[in-house]
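Q: Please read through the structure below; I'll follow up with questions.
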Amino acid sequence: MLDWLPLSLPAMLFLCAMVGLAGFVDAAAGGGGLIALPAYMAVGLPMHYVYGCNKLSSAVGTTFSTARFFKNGALELKVGLAAAAASFLGSALASQVVLLLPDSSLKLILLVMLPVAAGIILTRRDLAGPDRPALRDGAGKWWKAAAIGFFIGGYDGLIGPGTGTFAILAFCVLMGYDLRSASGNAKLLNLASNYASVITMVTAGKVFYAVALPAAVFGIVGHLLGSGMALKKGAKFIRPMMLCVLALLLADLVAELFA
């Protein structure tokens, strides 16, 4: 173990590889935390530092994938900003509420939500089609985007894994975006909720920068590759990735409930 690094070199290389893979998955379909969080835990970091380092590396990577979606016109900036502002507020408030709720209640909520989300992805074939202007336009779209941001941001602060996946679904089903555009808007929303958590963790001194920053570099590479595939392949790539993420979430949840 190096004096300035709280991990051995093999552990650090493993972590960086897993954070890179998590970035790839997260950029396309959300749910990268399903890979990154267990990786941070596996190398032996204390739990508060697991969350702090993961949020920092995730926020940095998401910054790059968000910029790529915006550059390629797959992000409606005003809608995304409305959702992001509300997401930041929702995440900040939820992080204060989370201590009041038992883990069993949060897991039960997820156990109900995940099959519903998977069913929407499997049955709503129009998610792969073009944007539906009748749903995404109109005077109320800013409020609708803000409501999505607040509740999804609150979910991120309260529970976390799958935030991007649920944000993509919300933009598709409630606002009529296709999967490609919904992914772009979801990235900006998720970026805001990530930074709300990062501020909390950094302020509390719960980040090992010697671990989080190298991992973030690999996360950036993963995010750039994943967003590139999502932009190029669209729904053909995003839909199966989202189903894989939901399956991982459900399997992890069931395992914890019956452990």
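Labeling convention for the structure tokens: chains A, B, ... as they appear, residues from 1 per chain, ligands from 1 in order of appearance.
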Report as a ChimeraX atom specification all protein, DNA and RNA residues lying within 6 Å of region 158-169 of chain A, evaluated on only C-alpha atoms, omitting residues in the same chain fewer than 3 positions from it.
A: /A:29-31,33,94-95,98,154-155,172-173,182-183,186
Q: Quote the spacing between CA of Gly80 (chain A) and CA of Arg239 (chain A) in Å to one decimal place.
A: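 It comes out at 21.0 Å.
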Q: Return as a Markdown table the residues of region 146-219 of chain A lying at most 12 Å from region 224-229 of chain A, together with the closest atom-to-atom pair for each and the distance in Å to one decimal, counting only C-alpha atoms, with rows in chain order and ascending residue number.
A:
```
| residue | atom | partner | partner_atom | distance |
| --- | --- | --- | --- | --- |
| A:Arg180 | CA | A:Ser227 | CA | 9.7 |
| A:Ser181 | CA | A:Ser227 | CA | 11.6 |
| A:Ser183 | CA | A:Ser227 | CA | 9.0 |
| A:Gly184 | CA | A:Ser227 | CA | 8.9 |
| A:Lys187 | CA | A:Ser227 | CA | 9.9 |
| A:Val217 | CA | A:Leu224 | CA | 10.9 |
| A:Phe218 | CA | A:Leu224 | CA | 10.0 |
| A:Gly219 | CA | A:Leu224 | CA | 8.5 |
```
Q: Show me, as a list of chain:residue names, the residues that have an atom within 12 Å of Leu37 (chain A) when counting only C-alpha atoms, minus same-chain residues fewer than 4 positions from it.
A: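 So the residues in contact are A:Leu15, A:Met18, A:Val19, A:Leu21, A:Ala22, A:Gly23, A:Gly31, A:Gly32, A:Gly33, A:Met41, A:Ala42, A:Val43, A:Gly44, A:Leu45, A:Pro46, A:Met47, A:His48, A:Tyr49, A:Val50, A:Tyr51, A:Gly52, A:Cys53, A:Asn54, A:Lys55, A:Leu56, A:Ser57, A:Ser58, A:Gly160, A:Pro161.
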Q: Would you output that residue set with C-alpha atoms, as a CSV table (one decimal), in the first residue's frame?
A:
```
chain,number,residue,atom,x,y,z
A,15,LEU,CA,-11.8,-0.3,-8.6
A,18,MET,CA,-15.3,-1.3,-12.2
A,19,VAL,CA,-16.0,2.4,-12.1
A,21,LEU,CA,-17.7,-0.2,-16.5
A,22,ALA,CA,-20.2,1.5,-14.3
A,23,GLY,CA,-19.8,4.8,-16.2
A,31,GLY,CA,-27.9,2.3,-12.7
A,32,GLY,CA,-24.1,2.5,-12.7
A,33,GLY,CA,-24.2,2.6,-9.0
A,41,MET,CA,-17.3,-1.7,-0.8
A,42,ALA,CA,-15.2,-4.7,-2.0
A,43,VAL,CA,-11.9,-2.8,-1.7
A,44,GLY,CA,-12.6,-2.2,2.0
A,45,LEU,CA,-13.5,1.5,2.2
A,46,PRO,CA,-15.6,2.6,5.2
A,47,MET,CA,-19.3,3.0,4.2
A,48,HIS,CA,-19.4,6.8,4.5
A,49,TYR,CA,-16.4,6.9,2.2
A,50,VAL,CA,-17.9,4.4,-0.2
A,51,TYR,CA,-20.8,6.8,-0.7
A,52,GLY,CA,-18.7,9.9,-0.8
A,53,CYS,CA,-16.1,8.5,-3.3
A,54,ASN,CA,-18.8,7.0,-5.5
A,55,LYS,CA,-20.8,10.2,-5.7
A,56,LEU,CA,-17.7,12.2,-6.6
A,57,SER,CA,-16.6,9.8,-9.4
A,58,SER,CA,-20.1,9.5,-10.6
A,160,GLY,CA,-30.0,5.9,-5.1
A,161,PRO,CA,-29.5,2.9,-7.4
```
Q: Which residues are near Phe150 (chain A)? Cut-off 12 Å, only C-alpha atoms, ignore same chain within fewer than 3 positions. Put them as a ChimeraX atom specification.
A: /A:81-94,143-147,153-158,163,167,170,189-190,192-193
Q: Could you save the residues just selected, with N, CA, C and O atoms, as a short mmCIF file (atom, residue, chain, number, x, y, z; two decimals), in the first residue's frame?
A:
```cif
data_model
loop_
_atom_site.label_atom_id
_atom_site.label_comp_id
_atom_site.auth_asym_id
_atom_site.auth_seq_id
_atom_site.Cartn_x
_atom_site.Cartn_y
_atom_site.Cartn_z
N LEU A 81 -32.86 21.78 -17.48
CA LEU A 81 -32.49 22.67 -16.37
C LEU A 81 -33.61 22.77 -15.33
O LEU A 81 -33.34 22.82 -14.12
N ALA A 82 -34.86 22.80 -15.80
CA ALA A 82 -35.98 22.83 -14.86
C ALA A 82 -35.99 21.56 -14.01
O ALA A 82 -36.17 21.62 -12.78
N ALA A 83 -35.76 20.42 -14.66
CA ALA A 83 -35.71 19.16 -13.93
C ALA A 83 -34.50 19.11 -13.00
O ALA A 83 -34.59 18.61 -11.87
N ALA A 84 -33.36 19.64 -13.46
CA ALA A 84 -32.14 19.59 -12.67
C ALA A 84 -32.25 20.43 -11.41
O ALA A 84 -31.81 20.01 -10.33
N ALA A 85 -32.82 21.63 -11.52
CA ALA A 85 -32.96 22.50 -10.35
C ALA A 85 -33.83 21.84 -9.29
O ALA A 85 -33.50 21.83 -8.10
N ALA A 86 -34.94 21.25 -9.74
CA ALA A 86 -35.84 20.57 -8.81
C ALA A 86 -35.19 19.31 -8.25
O ALA A 86 -35.40 18.95 -7.09
N SER A 87 -34.39 18.63 -9.09
CA SER A 87 -33.70 17.42 -8.64
C SER A 87 -32.70 17.73 -7.54
O SER A 87 -32.58 16.98 -6.56
N PHE A 88 -31.98 18.83 -7.69
CA PHE A 88 -31.01 19.24 -6.67
C PHE A 88 -31.72 19.46 -5.33
O PHE A 88 -31.27 18.98 -4.29
N LEU A 89 -32.85 20.15 -5.39
CA LEU A 89 -33.62 20.42 -4.16
C LEU A 89 -34.15 19.12 -3.57
O LEU A 89 -34.06 18.89 -2.36
N GLY A 90 -34.73 18.26 -4.43
CA GLY A 90 -35.30 17.01 -3.94
C GLY A 90 -34.25 16.12 -3.31
O GLY A 90 -34.47 15.51 -2.26
N SER A 91 -33.07 16.04 -3.93
CA SER A 91 -31.99 15.20 -3.40
C SER A 91 -31.49 15.75 -2.07
O SER A 91 -31.22 14.99 -1.12
N ALA A 92 -31.34 17.07 -1.98
CA ALA A 92 -30.85 17.68 -0.75
C ALA A 92 -31.83 17.43 0.41
O ALA A 92 -31.42 17.11 1.53
N LEU A 93 -33.12 17.57 0.13
CA LEU A 93 -34.12 17.35 1.18
C LEU A 93 -34.20 15.88 1.58
O LEU A 93 -34.28 15.54 2.76
N ALA A 94 -34.15 15.00 0.57
CA ALA A 94 -34.29 13.57 0.84
C ALA A 94 -33.12 13.03 1.66
O ALA A 94 -33.30 12.11 2.47
N TRP A 143 -43.45 22.70 -15.50
CA TRP A 143 -43.86 22.17 -14.20
C TRP A 143 -43.75 20.65 -14.18
O TRP A 143 -43.38 20.06 -13.16
N LYS A 144 -44.08 20.02 -15.30
CA LYS A 144 -43.99 18.56 -15.38
C LYS A 144 -42.53 18.12 -15.25
O LYS A 144 -42.22 17.17 -14.53
N ALA A 145 -41.62 18.84 -15.94
CA ALA A 145 -40.19 18.52 -15.85
C ALA A 145 -39.68 18.73 -14.42
O ALA A 145 -38.90 17.92 -13.90
N ALA A 146 -40.13 19.81 -13.79
CA ALA A 146 -39.70 20.10 -12.42
C ALA A 146 -40.22 19.04 -11.45
O ALA A 146 -39.49 18.63 -10.52
N ALA A 147 -41.45 18.57 -11.66
CA ALA A 147 -42.01 17.53 -10.79
C ALA A 147 -41.22 16.23 -10.93
O ALA A 147 -40.90 15.56 -9.94
N GLY A 153 -35.02 13.16 -8.07
CA GLY A 153 -33.91 13.61 -7.23
C GLY A 153 -34.09 13.17 -5.79
O GLY A 153 -33.13 12.78 -5.11
N GLY A 154 -35.33 13.23 -5.31
CA GLY A 154 -35.62 12.75 -3.96
C GLY A 154 -35.34 11.26 -3.83
O GLY A 154 -34.80 10.81 -2.81
N TYR A 155 -35.69 10.51 -4.88
CA TYR A 155 -35.39 9.07 -4.88
C TYR A 155 -33.88 8.85 -4.80
O TYR A 155 -33.40 7.98 -4.06
N ASP A 156 -33.12 9.64 -5.53
CA ASP A 156 -31.67 9.49 -5.53
C ASP A 156 -31.10 9.77 -4.14
O ASP A 156 -30.22 9.06 -3.66
N GLY A 157 -31.60 10.82 -3.49
CA GLY A 157 -31.14 11.12 -2.15
C GLY A 157 -31.59 10.10 -1.12
O GLY A 157 -30.92 9.85 -0.13
N LEU A 158 -32.75 9.46 -1.39
CA LEU A 158 -33.33 8.53 -0.44
C LEU A 158 -32.80 7.11 -0.61
O LEU A 158 -32.47 6.43 0.36
N THR A 163 -31.46 5.53 -10.36
CA THR A 163 -32.02 6.88 -10.54
C THR A 163 -32.12 7.26 -12.01
O THR A 163 -33.16 7.73 -12.47
N ALA A 167 -35.45 8.03 -14.28
CA ALA A 167 -35.58 9.35 -14.90
C ALA A 167 -35.86 9.22 -16.39
O ALA A 167 -36.70 9.94 -16.95
N ALA A 170 -39.45 8.23 -16.82
CA ALA A 170 -40.37 9.33 -16.54
C ALA A 170 -40.44 10.30 -17.71
O ALA A 170 -41.54 10.74 -18.10
N LEU A 189 -30.59 15.90 -15.07
CA LEU A 189 -31.30 15.71 -13.80
C LEU A 189 -30.41 14.96 -12.82
O LEU A 189 -30.24 15.37 -11.66
N ASN A 190 -29.84 13.84 -13.28
CA ASN A 190 -29.01 13.01 -12.42
C ASN A 190 -27.74 13.73 -11.99
O ASN A 190 -27.24 13.56 -10.87
N ALA A 192 -27.44 16.91 -11.37
CA ALA A 192 -27.79 17.82 -10.28
C ALA A 192 -27.94 17.08 -8.96
O ALA A 192 -27.44 17.53 -7.91
N SER A 193 -28.62 15.92 -8.99
CA SER A 193 -28.80 15.17 -7.74
C SER A 193 -27.46 14.64 -7.24
O SER A 193 -27.23 14.57 -6.02
#
```
Q: Would you list, as JSON, numbers by chain, the residues of region 11-52 of chain A that end up in helix (DSSP H, G or I) under DSSP run on this structure's backbone?
A: {"A": [11, 12, 13, 14, 15, 16, 17, 18, 19, 20, 21, 22, 23, 24, 25, 26, 27, 28, 29, 33, 34, 35, 36, 37, 38, 39, 40, 41, 42, 47, 48, 49, 50, 51, 52]}
Q: Using only C-alpha atoms, find the one residue out of A:Tyr195, A:Tyr177, A:Phe171, A:Phe69 that sits nearest to Ala230 (chain A).
A: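 The closest residue to Ala230 (chain A) is A:Phe69.
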